[in-house]
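One file, start29.cif, carrying mmCIF, C-alpha atoms:
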data_protein
#
loop_
_atom_site.label_atom_id
_atom_site.label_comp_id
_atom_site.auth_asym_id
_atom_site.auth_seq_id
_atom_site.Cartn_x
_atom_site.Cartn_y
_atom_site.Cartn_z
CA LEU A 1 21.54 22.86 -0.59
CA ARG A 2 21.42 21.44 2.91
CA GLN A 3 22.34 24.77 4.47
CA ARG A 4 19.72 26.67 6.42
CA TYR A 5 18.11 29.66 4.71
CA ASP A 6 16.20 32.36 6.53
CA PHE A 7 13.11 33.63 4.75
CA ASP A 8 11.13 36.38 6.50
CA GLY A 9 12.50 35.18 9.81
CA LEU A 10 11.63 31.53 9.20
CA PRO A 11 14.41 28.96 8.95
CA LEU A 12 14.09 26.85 5.80
CA PHE A 13 15.99 23.73 4.84
CA VAL A 14 16.15 22.59 1.23
CA THR A 15 17.29 19.18 0.07
CA ALA A 16 17.61 17.57 -3.33
CA SER A 17 16.68 14.20 -4.75
CA ILE A 18 18.80 13.50 -7.81
CA GLY A 19 18.45 10.78 -10.41
CA VAL A 20 21.41 10.11 -12.70
CA ALA A 21 21.23 8.37 -16.08
CA ILE A 22 24.18 7.71 -18.34
CA GLY A 23 23.92 6.79 -22.01
CA SER A 24 25.24 7.54 -25.41
CA GLY A 25 23.55 9.47 -28.16
CA SER A 26 23.77 6.50 -30.48
CA THR A 27 21.74 4.16 -28.23
CA HIS A 28 19.64 6.47 -26.04
CA SER A 29 17.49 9.44 -26.93
CA ALA A 30 17.29 12.51 -24.72
CA ASP A 31 13.76 11.47 -23.77
CA ASP A 32 15.03 8.03 -22.70
CA LEU A 33 17.72 9.56 -20.51
CA LEU A 34 15.27 11.99 -18.90
CA ARG A 35 12.83 9.15 -18.22
CA PHE A 36 15.64 7.00 -16.74
CA ALA A 37 16.87 9.88 -14.55
CA ASP A 38 13.29 10.47 -13.40
CA THR A 39 12.95 6.79 -12.44
CA ALA A 40 16.19 7.01 -10.44
CA MET A 41 15.04 10.24 -8.76
CA TYR A 42 11.78 8.63 -7.62
CA ALA A 43 13.78 5.74 -6.17
CA VAL A 44 15.67 8.30 -4.04
CA LYS A 45 12.38 9.85 -2.90
CA GLU A 46 11.02 6.45 -1.88
CA LYS A 47 14.10 5.95 0.31
CA GLY A 48 13.44 9.17 2.20
CA ARG A 49 14.74 11.88 -0.16
CA ASP A 50 17.89 13.97 0.10
CA GLY A 51 20.21 11.80 -1.93
CA TRP A 52 21.13 10.56 -5.38
CA GLN A 53 20.78 7.34 -7.34
CA PHE A 54 22.11 6.04 -10.64
CA PHE A 55 19.54 4.54 -12.98
CA SER A 56 19.74 0.78 -13.41
CA GLU A 57 17.70 -1.85 -15.21
CA SER A 58 16.53 -3.19 -11.84
CA LEU A 59 15.05 0.24 -11.05
CA GLN A 60 13.27 0.11 -14.39
CA GLU A 61 11.88 -3.35 -13.56
CA GLN A 62 10.69 -2.12 -10.16
CA ALA A 63 8.96 0.83 -11.83
CA LYS A 64 7.25 -1.52 -14.30
CA GLN A 65 6.17 -3.79 -11.45
CA ARG A 66 4.73 -0.81 -9.53
CA LEU A 67 2.82 0.30 -12.62
CA ALA A 68 1.43 -3.22 -13.17
CA ILE A 69 0.38 -3.45 -9.52
CA THR A 70 -1.18 0.01 -9.60
CA SER A 71 -3.20 -0.91 -12.69
CA GLY A 72 -4.16 -4.30 -11.31
CA LEU A 73 -5.35 -2.90 -8.00
CA ARG A 74 -7.88 -0.71 -9.81
CA THR A 75 -9.77 -3.79 -11.00
CA ALA A 76 -8.84 -6.40 -8.37
CA LEU A 77 -12.11 -6.12 -6.46
CA GLU A 78 -14.24 -6.20 -9.62
CA ARG A 79 -12.41 -9.31 -10.78
CA ASN A 80 -12.84 -11.01 -7.41
CA GLU A 81 -9.06 -11.35 -7.00
CA MET A 82 -8.96 -10.40 -3.32
CA SER A 83 -9.57 -12.90 -0.56
CA PRO A 84 -9.63 -12.73 3.24
CA ARG A 85 -7.47 -14.94 5.43
CA PHE A 86 -8.02 -15.21 9.16
CA GLN A 87 -5.10 -15.40 11.56
CA PRO A 88 -6.23 -16.74 14.94
CA ILE A 89 -5.76 -14.70 18.08
CA VAL A 90 -5.13 -17.16 20.90
CA VAL A 91 -5.04 -16.83 24.68
CA ALA A 92 -1.62 -18.18 25.58
CA GLU A 93 -2.65 -19.71 28.92
CA SER A 94 -5.61 -21.71 27.63
CA GLY A 95 -4.93 -22.07 23.91
CA ARG A 96 -8.48 -20.83 23.27
CA ILE A 97 -9.11 -18.88 20.08
CA VAL A 98 -10.75 -15.61 21.09
CA GLY A 99 -10.50 -13.71 17.84
CA ALA A 100 -9.04 -13.53 14.38
CA GLU A 101 -7.29 -10.85 12.42
CA LEU A 102 -8.50 -10.52 8.85
CA LEU A 103 -5.52 -10.48 6.51
CA LEU A 104 -5.83 -9.62 2.84
CA ARG A 105 -4.48 -11.68 -0.04
CA TRP A 106 -4.40 -10.74 -3.73
CA HIS A 107 -4.44 -13.37 -6.46
CA PRO A 108 -4.19 -11.70 -9.89
CA PRO A 109 -3.87 -13.92 -12.99
CA GLY A 110 -0.06 -13.74 -12.91
CA GLY A 111 0.17 -15.22 -9.41
CA GLU A 112 -0.21 -14.07 -5.81
CA VAL A 113 1.27 -10.69 -4.90
CA SER A 114 2.61 -10.24 -1.38
CA PRO A 115 0.78 -7.73 0.84
CA ALA A 116 4.22 -6.29 1.62
CA VAL A 117 4.38 -5.30 -2.05
CA PHE A 118 0.82 -4.25 -2.89
CA ILE A 119 -0.33 -2.57 0.35
CA PRO A 120 2.22 0.30 0.21
CA ILE A 121 1.32 0.90 -3.45
CA ALA A 122 -2.38 0.84 -2.59
CA GLU A 123 -1.67 3.40 0.15
CA LEU A 124 0.23 5.70 -2.23
CA THR A 125 -2.35 5.54 -5.00
CA GLY A 126 -5.47 5.76 -2.82
CA ALA A 127 -6.66 2.30 -3.91
CA ILE A 128 -6.48 1.35 -0.22
CA VAL A 129 -9.76 3.22 0.43
CA PRO A 130 -12.09 0.96 -1.59
CA ILE A 131 -9.98 -2.08 -0.72
CA GLY A 132 -10.19 -1.22 2.98
CA ALA A 133 -13.96 -0.83 2.72
CA TRP A 134 -14.17 -4.27 1.10
CA VAL A 135 -12.02 -5.73 3.90
CA PHE A 136 -14.27 -4.19 6.55
CA LEU A 137 -17.35 -5.63 4.83
CA GLN A 138 -15.74 -9.09 4.75
CA ALA A 139 -14.95 -8.78 8.47
CA CYS A 140 -18.58 -7.86 9.20
CA ARG A 141 -19.81 -10.85 7.21
CA ALA A 142 -17.41 -13.20 9.00
CA GLU A 143 -18.40 -11.82 12.40
CA ALA A 144 -22.13 -12.26 11.60
CA ASP A 145 -21.55 -15.80 10.32
CA TRP A 146 -19.51 -16.78 13.37
CA ARG A 147 -22.04 -15.29 15.79
CA GLN A 148 -24.80 -17.25 14.05
CA ARG A 149 -22.75 -20.46 14.36
CA TRP A 150 -21.30 -20.09 17.86
CA GLY A 151 -23.35 -17.38 19.55
CA ASP A 152 -21.63 -15.67 22.47
CA ASN A 153 -18.62 -18.00 22.11
CA ALA A 154 -17.86 -16.65 18.63
CA PRO A 155 -14.39 -15.16 18.17
CA TYR A 156 -14.19 -11.47 17.34
CA VAL A 157 -12.73 -10.21 14.04
CA SER A 158 -10.17 -7.44 13.91
CA VAL A 159 -9.06 -5.47 10.86
CA ASN A 160 -6.30 -3.04 10.07
CA VAL A 161 -7.46 0.38 8.93
CA SER A 162 -4.99 2.48 6.97
CA ALA A 163 -4.10 6.06 7.83
CA ARG A 164 -5.38 7.01 4.39
CA GLN A 165 -8.78 5.51 5.23
CA LEU A 166 -8.86 7.37 8.53
CA ASN A 167 -8.52 10.63 6.59
CA GLU A 168 -11.70 9.90 4.63
CA GLU A 169 -14.53 12.10 5.91
CA SER A 170 -17.12 9.47 5.02
CA LEU A 171 -15.37 6.60 6.86
CA ALA A 172 -17.68 6.52 9.89
CA ASP A 173 -20.81 6.76 7.71
CA ASP A 174 -19.49 4.08 5.34
CA PHE A 175 -18.69 1.70 8.21
CA ALA A 176 -22.04 2.42 9.88
CA ALA A 177 -23.85 1.57 6.63
CA MET A 178 -21.98 -1.74 6.38
CA LEU A 179 -22.72 -2.60 9.99
#

Turn the structure described in the file into structure tokens.
Amino acid sequence: LRQRYDFDGLPLFVTASIGVAIGSGSTHSADDLLRFADTAMYAVKEKGRDGWQFFSESLQEQAKQRLAITSGLRTALERNEMSPRFQPIVVAESGRIVGAELLLRWHPPGGEVSPAVFIPIAELTGAIVPIGAWVFLQACRAEADWRQRWGDNAPYVSVNVSARQLNEESLADDFAAML
């Protein structure tokens, strides 16, 4: 499959992502095995494709966790489960705080979920777009509050904007409306 194919003068390269599930007819149905193989195949795709993976219970647990996070992200803002955290940006020579980066934290009922876990899932599912808008709004509120308190000495607020957000045609208009 990795060999080059020419199609109408264009070189094409085809790869495969393969999920393997092993079971017995007495304990696993054909549907179970197909679902397990599918789970293993998606694990290969997440690692960059072009490979194979045996199904394991840990893969199944990861898939369940991803599903729970995906579902939870859909309602996290409505349930007020997100919160901003501000990491200071300091001038090394003087030790003066000149700004702060707004970092996002998620506290669902089951306990805090690491951004390293939920941000990639939010990116994949598109949930990052409304979450990113909420983050930007929180940054604007913090900036306004700090300017009211400290005037020209107020630290600036920086935010991370996802590539998925940058692809939104309405991003500039949405940010302008918040500002």

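Excluding Trp52 of chain A itself and same-chain residues fewer than 6 positions from it, the residues having an atom within 7 Å of it are Ser17, Ile18, Gly19, Met41 and Val44 of chain A, counting all atoms listed in the file.
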
So which residues get picked by the PyMOL selection byres ((chain A and resi 54) around 12) here, written as a PDB file with C-alpha atoms, in the coordinates of the input?
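Result saved to expr_18.pdb:
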ATOM      1  CA  SER A  17      16.680  14.200  -4.750  1.00  0.00           C
ATOM      2  CA  ILE A  18      18.800  13.500  -7.810  1.00  0.00           C
ATOM      3  CA  GLY A  19      18.450  10.780 -10.410  1.00  0.00           C
ATOM      4  CA  VAL A  20      21.410  10.110 -12.700  1.00  0.00           C
ATOM      5  CA  ALA A  21      21.230   8.370 -16.080  1.00  0.00           C
ATOM      6  CA  ILE A  22      24.180   7.710 -18.340  1.00  0.00           C
ATOM      7  CA  GLY A  23      23.920   6.790 -22.010  1.00  0.00           C
ATOM      8  CA  LEU A  33      17.720   9.560 -20.510  1.00  0.00           C
ATOM      9  CA  PHE A  36      15.640   7.000 -16.740  1.00  0.00           C
ATOM     10  CA  ALA A  37      16.870   9.880 -14.550  1.00  0.00           C
ATOM     11  CA  ASP A  38      13.290  10.470 -13.400  1.00  0.00           C
ATOM     12  CA  THR A  39      12.950   6.790 -12.440  1.00  0.00           C
ATOM     13  CA  ALA A  40      16.190   7.010 -10.440  1.00  0.00           C
ATOM     14  CA  MET A  41      15.040  10.240  -8.760  1.00  0.00           C
ATOM     15  CA  TYR A  42      11.780   8.630  -7.620  1.00  0.00           C
ATOM     16  CA  ALA A  43      13.780   5.740  -6.170  1.00  0.00           C
ATOM     17  CA  VAL A  44      15.670   8.300  -4.040  1.00  0.00           C
ATOM     18  CA  GLY A  51      20.210  11.800  -1.930  1.00  0.00           C
ATOM     19  CA  TRP A  52      21.130  10.560  -5.380  1.00  0.00           C
ATOM     20  CA  GLN A  53      20.780   7.340  -7.340  1.00  0.00           C
ATOM     21  CA  PHE A  55      19.540   4.540 -12.980  1.00  0.00           C
ATOM     22  CA  SER A  56      19.740   0.780 -13.410  1.00  0.00           C
ATOM     23  CA  GLU A  57      17.700  -1.850 -15.210  1.00  0.00           C
ATOM     24  CA  SER A  58      16.530  -3.190 -11.840  1.00  0.00           C
ATOM     25  CA  LEU A  59      15.050   0.240 -11.050  1.00  0.00           C
ATOM     26  CA  GLN A  60      13.270   0.110 -14.390  1.00  0.00           C
TER      27      GLN A  60
END

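Interatomic distance, atom CA of Pro109 of chain A against atom CA of Pro84 of chain A: 17.3 Å.
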
Residue nearest Gly99 of chain A among A:Ala16, A:Val159, A:Leu77, A:Ala122 (counting all atoms listed in the file):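 Once distances to Gly99 of chain A are computed over all atoms listed in the file, the minimum belongs to A:Val159.
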
Val135 of chain A surroundings by all atoms listed in the file, 12 Å radius, close-in-sequence under 2 positions cut, as a count of residues only: 33

To one decimal place in Å, what is the distance between atom CA of Gly72 of chain A and atom CA of Glu168 of chain A?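 Spanning atom CA of Gly72 of chain A to atom CA of Glu168 of chain A is a straight-line distance of 22.6 Å.
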
Adding 4 Å on each side of the box along x, y and z that holds all listed atoms of segment 150-159 of chain A, could you give its centre and edge lengths in Å to one decimal, as JSON?
{"center_x": -16.2, "center_y": -12.8, "center_z": 16.7, "size_x": 22.3, "size_y": 22.6, "size_z": 19.6}

Selection in question (the file shown): the PyMOL selection byres ((chain A and resi 125) around 12). Which residues does it include, as an NGL selection string? :A and (66-67 or 69-74 or 118-124 or 126-131 or 164)

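Using all atoms listed in the file, the smallest distance between any of A:Asp32, A:Arg4, A:Asp173, A:Asn153 and Arg96 of chain A comes from A:Asn153.
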
Would you compute the distance between atom CA of Ala177 of chain A and atom CA of Val98 of chain A? Give it in Å to one decimal.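 If I compute the distance from atom CA of Ala177 of chain A to atom CA of Val98 of chain A, I get 26.0 Å.
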
Starting from the incomplete input, reconstruct N, CA, C and O atoms of segment 80-92 of chain A and report them as a PDB file, keeping the file's coordinate frame.
ATOM      1  N   ASN A  80     -12.777 -10.043  -8.498  1.00  0.00           N
ATOM      2  CA  ASN A  80     -12.840 -11.010  -7.410  1.00  0.00           C
ATOM      3  C   ASN A  80     -11.474 -11.653  -7.129  1.00  0.00           C
ATOM      4  O   ASN A  80     -11.392 -12.857  -6.871  1.00  0.00           O
ATOM      5  N   GLU A  81     -10.418 -10.843  -7.193  1.00  0.00           N
ATOM      6  CA  GLU A  81      -9.060 -11.350  -7.000  1.00  0.00           C
ATOM      7  C   GLU A  81      -8.581 -11.245  -5.556  1.00  0.00           C
ATOM      8  O   GLU A  81      -7.537 -11.798  -5.213  1.00  0.00           O
ATOM      9  N   MET A  82      -9.333 -10.555  -4.725  1.00  0.00           N
ATOM     10  CA  MET A  82      -8.960 -10.400  -3.320  1.00  0.00           C
ATOM     11  C   MET A  82      -9.644 -11.495  -2.498  1.00  0.00           C
ATOM     12  O   MET A  82     -10.759 -11.900  -2.800  1.00  0.00           O
ATOM     13  N   SER A  83      -8.960 -11.923  -1.458  1.00  0.00           N
ATOM     14  CA  SER A  83      -9.570 -12.900  -0.560  1.00  0.00           C
ATOM     15  C   SER A  83      -9.112 -12.640   0.870  1.00  0.00           C
ATOM     16  O   SER A  83      -7.984 -12.215   1.094  1.00  0.00           O
ATOM     17  N   PRO A  84     -10.016 -12.891   1.834  1.00  0.00           N
ATOM     18  CA  PRO A  84      -9.630 -12.730   3.240  1.00  0.00           C
ATOM     19  C   PRO A  84      -8.988 -14.007   3.769  1.00  0.00           C
ATOM     20  O   PRO A  84      -9.307 -15.110   3.340  1.00  0.00           O
ATOM     21  N   ARG A  85      -8.068 -13.834   4.683  1.00  0.00           N
ATOM     22  CA  ARG A  85      -7.470 -14.940   5.430  1.00  0.00           C
ATOM     23  C   ARG A  85      -7.576 -14.548   6.903  1.00  0.00           C
ATOM     24  O   ARG A  85      -7.406 -13.379   7.246  1.00  0.00           O
ATOM     25  N   PHE A  86      -7.830 -15.506   7.746  1.00  0.00           N
ATOM     26  CA  PHE A  86      -8.020 -15.210   9.160  1.00  0.00           C
ATOM     27  C   PHE A  86      -6.893 -15.819   9.976  1.00  0.00           C
ATOM     28  O   PHE A  86      -6.676 -17.027   9.955  1.00  0.00           O
ATOM     29  N   GLN A  87      -6.172 -14.964  10.674  1.00  0.00           N
ATOM     30  CA  GLN A  87      -5.100 -15.400  11.560  1.00  0.00           C
ATOM     31  C   GLN A  87      -5.650 -15.446  12.979  1.00  0.00           C
ATOM     32  O   GLN A  87      -6.107 -14.427  13.501  1.00  0.00           O
ATOM     33  N   PRO A  88      -5.640 -16.623  13.600  1.00  0.00           N
ATOM     34  CA  PRO A  88      -6.230 -16.740  14.940  1.00  0.00           C
ATOM     35  C   PRO A  88      -5.506 -15.887  15.978  1.00  0.00           C
ATOM     36  O   PRO A  88      -4.288 -15.713  15.920  1.00  0.00           O
ATOM     37  N   ILE A  89      -6.274 -15.385  16.913  1.00  0.00           N
ATOM     38  CA  ILE A  89      -5.760 -14.700  18.080  1.00  0.00           C
ATOM     39  C   ILE A  89      -6.061 -15.621  19.256  1.00  0.00           C
ATOM     40  O   ILE A  89      -7.226 -15.927  19.527  1.00  0.00           O
ATOM     41  N   VAL A  90      -5.014 -16.092  19.904  1.00  0.00           N
ATOM     42  CA  VAL A  90      -5.130 -17.160  20.900  1.00  0.00           C
ATOM     43  C   VAL A  90      -4.714 -16.673  22.275  1.00  0.00           C
ATOM     44  O   VAL A  90      -3.724 -15.948  22.411  1.00  0.00           O
ATOM     45  N   VAL A  91      -5.443 -17.085  23.300  1.00  0.00           N
ATOM     46  CA  VAL A  91      -5.040 -16.830  24.680  1.00  0.00           C
ATOM     47  C   VAL A  91      -3.937 -17.828  25.007  1.00  0.00           C
ATOM     48  O   VAL A  91      -4.136 -19.047  24.914  1.00  0.00           O
ATOM     49  N   ALA A  92      -2.785 -17.323  25.362  1.00  0.00           N
ATOM     50  CA  ALA A  92      -1.620 -18.180  25.580  1.00  0.00           C
ATOM     51  C   ALA A  92      -1.839 -19.208  26.693  1.00  0.00           C
ATOM     52  O   ALA A  92      -1.439 -20.367  26.560  1.00  0.00           O
TER      53      ALA A  92
END
